[in-house]
Each structure stands twice: as C-alpha cells, then as structure tokens.
Amino acid sequence: MVEAMSQPILPNIEPAETATYSTAVQAMLSAMAEKRFFKLIGGGSFTETEKIAHLARAYAMAGADCLDLAPDLQVLQTVEAVLRELPKPHPVIMISLPLDPDPHFRKIELDEPACIQCGLCLPACPTEAITLPEILEISQSLCYGCGRCVPTCPTEALSLLPFQVESQMEAALSHPLVEAVEIHSHYVDPYMLSTFLARWQPHLRNKLISLCFRIDNLPPAQILAFYRVAAEFSPLPVMLQVDGSPMSGNDDPEASRPALEAARKTIGMFREQGLPLPAITISGGINRHTATLLKEALYREIAGAGMGTVARKTVWNLESSAAAQTAAGLVAEFKAR
Ligand code: SF4
Ligand code: SF4
C-alpha cells in the first residue's frame with residue numbers, strides 16, 4: 001500500500017516553484033480551512049451563456065467562494081463580463097476538465113427517426129433543454145449530460161455521447177480569469193494523471209488543482225497515489241472533491257449522505273497513513289439539507305461542499321435580485337458551520 005505511493009511515476013515534470021496566491025485564492029483556502037467552503041458547480045458540460053451569467057451573478061453576489069465552470073471560452077468571457085460589474089471580492093474561477101471518459105462530460109444525442117414525439121422526456125430535464133414546439137428540439141448548450149431523460153424514452157431515441165472539450169482546453173486554461181482547475185476522473189489512474197499534468201504543465205503550474213472522483217471500492221493506496229501525483233506536481237495545496245451521487249439533483253434530506261461518507265472514508269485513509277490532510281470537499285447529491293448534516297461530528301473535517309443541480313434550479317427562473325437573495329440564503333447555511 002505505502003510502497004505504491006512511493007513509486008516515482010511523474011514523467012518530465014520540473015520541480016515545483018514557489019507558491020503564489022491571489023486574494024481570491026487566499027480567501028477560498030481560508031474558507032476551506034474554516035470548513036465553510038461553498039462552490040457553485042456550473043457543470044462541466046453546461047455552456048448556455050445566458051443562464052451561466054444569471055447563475056454567476058447570483059452566486060458571486062451571494063458570497064460563494066468558487067464558481068466551477070465548463071472549459072469553454074464563451075462561458076469564461078460571459079462570467080468575466082458579469083464579474084466586472086460586481087464589487088470585489090469575487091469568487092475563484094475554476095474550470096472542470098476530464099481526465100478520462102467521466103460522466104460530467106457528456107451531451108445528449110437524439111436519434112431523430114426513432115423519436116415518436118411523445119414528449120415523455122420533457123419533464124425529466126432539469127434545465128429545460130428539451131422542448132416540443134412541433135417536433136422535438138434539444139438545446140445542446142443547456143444539456144449538461146445528466147442522463148435523466150434517457151430512461152424515459154420508450155423508443156430508445158436518446159443516448160449520451162462524450163462532450164469533447166479538447167479543442168477548447170488550451171484557450172480556457174490560458175484565460176486570465178481561471179485560477180483553479182478541477183480534474184474529474186472515473187478511473188482514478190495515477191499514471192493517466194501524471195501524463196495529463198505533464199502535458200498541460202505550463203498551464204497548470206500556477207493554478208490550484210482539485211481532483212474529483214468517486215471512491216467506490218477503490219483501494220486506498222490507489223486513491224492516495226492519485227493524490228500524491230498532483231501534490232508532487234503542484235506548488236499550491238491540492239484539494240480533493242469526493243463525489244457521492246453525481247448530477248443527481250436529489251433534494252432529499254439524506255441525498256448527500258453517500259458523499260459525506262465517501263469523504264469521511266477518504267479522510268480516514270490519510271489519517272491511517274499518518275499523512276497531512278488536504279482540503280476535502282464533497283459533491284453529488286448536495287442540497288440545502290447538507291449544511292445541517294455537515295455539522296454532525298463525524299463530518300467536522302470536511303472542508304465544505306460544491307452544489308450543482310439543486311443550486312442551479314433554486315435560482316433558475318428567479319429575476320436577478322431575487323436570485324441573488326435566494327442564493328445568499330443558501331450559501332449562508334454552509335457558511336454557518
Ligand atoms: S435530462 Fe439531462 S441529459 Fe437529458 S437533455 Fe436534459 S440535461 Fe441533457
Ligand atoms: S421520449 Fe423519446 S420518443 Fe418521446 S419525445 Fe422524447 S425522445 Fe422522442
């Protein structure tokens with residue numbers, strides 16, 4: 001177990017430089033240290049700029065520590081324009097990146113000849129991406145690949161395809177607004193991570209890195225080795241975001257329990273090896289009730305939470321000032337730990 005962590009597996013990576021922190025990053029790291037971190041997850045595949053602007057405005061005004069966005073230049077330019085209008089401090093802007101075929105990076109595809117225009121898929125979509133004016137239409141920018149619509153279709157006309165971000169990654173990583181990246185992984189493969197970091201090294205050196213994954217039944221040595229690859233690469237603290245039920249949109253009081261338990265187990269892995277604990281946050285199934293659960297003694301070491309579907313739906317159809325007020329109430333619950 002420990003031997004797996006001590007293997008030198010980083011190819012072609014220079015020693016880390018000295019860390020530098022912007023004011024926003026310092027504030028975010030403080031929020032994590034104080035266990036009151038809140039992040040709006042915009043969605044790795046969500047690229048609808050009008051809605052992104054609405055969400056960014058509401059949650060920036062609400063005091064979110066971080067906005068986690070798709071690696072898309074138009075999305076970043078939109079958020080940049082929004083933040084320019086708002087007083088500082090601004091949240092840290094993070095972009096999500098796929099390390100492997102991760103479910104956060106998908107878009108729906110319609111097999112048009114197979115569609116019988118029954119409309120059964122419409123209510124399943126949390127972003128109103130599917131409409132049926134006369135024939136079925138799907139907005140690709142509104143779709144973030146949650147997959148809820150797929151099982152509702154009686155003719156199997158809907159399927160999920162990978163959302164290709166490769167062509168946008170360099171431009172997105174070079175955008176001056178971006179101070180943090182979240183690397184999403186399905187396989188949690190240390191070698192894949194080291195190869196990815198080596199490839200994107202010039203763009204990643206000065207950015208905070210968060211690793212997002214589900215622990216499922218992965219051996220602790222694999223998870224710790226995965227973390228160690230990033231920790232040896234980055235001069236800045238590496239964060240872990242442990243996913244429970246990704247993109248569930250579940251508002252049930254217990255919906256975040258899988259994420260909380262996964263985070264607790266991950267913390268135990270570091271403790272058992274006598275390793276310093278990185279900032280560990282949760283995602284997947286996060287909702288308003290999570291703030292209360294985080295106060296339980298079992299979870300006191302969790303640094304905070306990233307909320308996606310529920311946070312978006314909460315303000316989705318509200319006008320600007322009502323959205324900011326509602327978002328502020330939601331964020332305040334996580335800040336009051
Ligand atoms: S339900 Fe999910 S996968 Fe289907 S169109 Fe809507 S956002 Fe996309
Ligand atoms: S449920 Fe399937 S067949 Fe019905 S409208 Fe949606 S895609 Fe078409």
# chains A, B, ... in the order shown; residues from 1 in each chain; ligands from 1
$ residues_around --residues "A:Gly44" --least-positions-apart "2" --cutoff "10 Å" --atoms "only C-alpha atoms" --output "VMD selection string"
chain A and resid 41 to 42 46 to 47 68 to 72 95 to 98 103 to 106 144 to 145 163 165 182 184
$ residues_near_ligand --ligand "ligand 2" --cutoff "7 Å" --atoms "only C-alpha atoms and all ligand atoms" --output "PyMOL selection string"
chain A and resi 110+114-122+136+152-158
$ closest_atom_pairs --of "chain A" --to "ligand 1" --cutoff "9 Å" --atoms "only C-alpha atoms and all ligand atoms" --output "Markdown table"
| residue | atom | partner | partner_atom_place_in_ligand_line | distance |
| --- | --- | --- | --- | --- |
| A:Phe46 | CA | ligand 1 | 7 (S) | 8.5 |
| A:Arg106 | CA | ligand 1 | 3 (S) | 7.8 |
| A:Lys107 | CA | ligand 1 | 8 (Fe) | 6.1 |
| A:Ile108 | CA | ligand 1 | 3 (S) | 5.1 |
| A:Glu109 | CA | ligand 1 | 5 (S) | 8.4 |
| A:Cys121 | CA | ligand 1 | 1 (S) | 7.5 |
| A:Leu122 | CA | ligand 1 | 1 (S) | 7.8 |
| A:Pro123 | CA | ligand 1 | 1 (S) | 8.3 |
| A:Ala124 | CA | ligand 1 | 1 (S) | 5.5 |
| A:Cys125 | CA | ligand 1 | 1 (S) | 3.5 |
| A:Pro126 | CA | ligand 1 | 6 (Fe) | 5.9 |
| A:Thr127 | CA | ligand 1 | 7 (S) | 5.7 |
| A:Glu128 | CA | ligand 1 | 6 (Fe) | 6.5 |
| A:Ala129 | CA | ligand 1 | 6 (Fe) | 5.2 |
| A:Ile130 | CA | ligand 1 | 5 (S) | 5.7 |
| A:Ile138 | CA | ligand 1 | 5 (S) | 6.5 |
| A:Ser139 | CA | ligand 1 | 5 (S) | 7.5 |
| A:Gln140 | CA | ligand 1 | 8 (Fe) | 7.6 |
| A:Leu142 | CA | ligand 1 | 7 (S) | 6.5 |
| A:Cys143 | CA | ligand 1 | 8 (Fe) | 3.7 |
| A:Tyr144 | CA | ligand 1 | 7 (S) | 4.6 |
| A:Gly145 | CA | ligand 1 | 3 (S) | 3.8 |
| A:Cys146 | CA | ligand 1 | 2 (Fe) | 3.9 |
| A:Gly147 | CA | ligand 1 | 3 (S) | 3.8 |
| A:Arg148 | CA | ligand 1 | 1 (S) | 4.4 |
| A:Cys149 | CA | ligand 1 | 1 (S) | 4.2 |
| A:Val150 | CA | ligand 1 | 4 (Fe) | 6.4 |
| A:Leu158 | CA | ligand 1 | 4 (Fe) | 8.0 |
| A:Ser159 | CA | ligand 1 | 3 (S) | 8.3 |
| A:Leu160 | CA | ligand 1 | 3 (S) | 7.0 |
| A:Met247 | CA | ligand 1 | 2 (Fe) | 8.9 |
$ atom_distance --atom1 "atom CA of A:Thr78" --atom2 "atom CA of A:Gln26"
24.0 Å
$ select_by_dssp --residues "stretch 94-203 of chain A" --states "alpha helix (DSSP H)" --output "ChimeraX atom specification"
/A:166-174,190-199,201-203
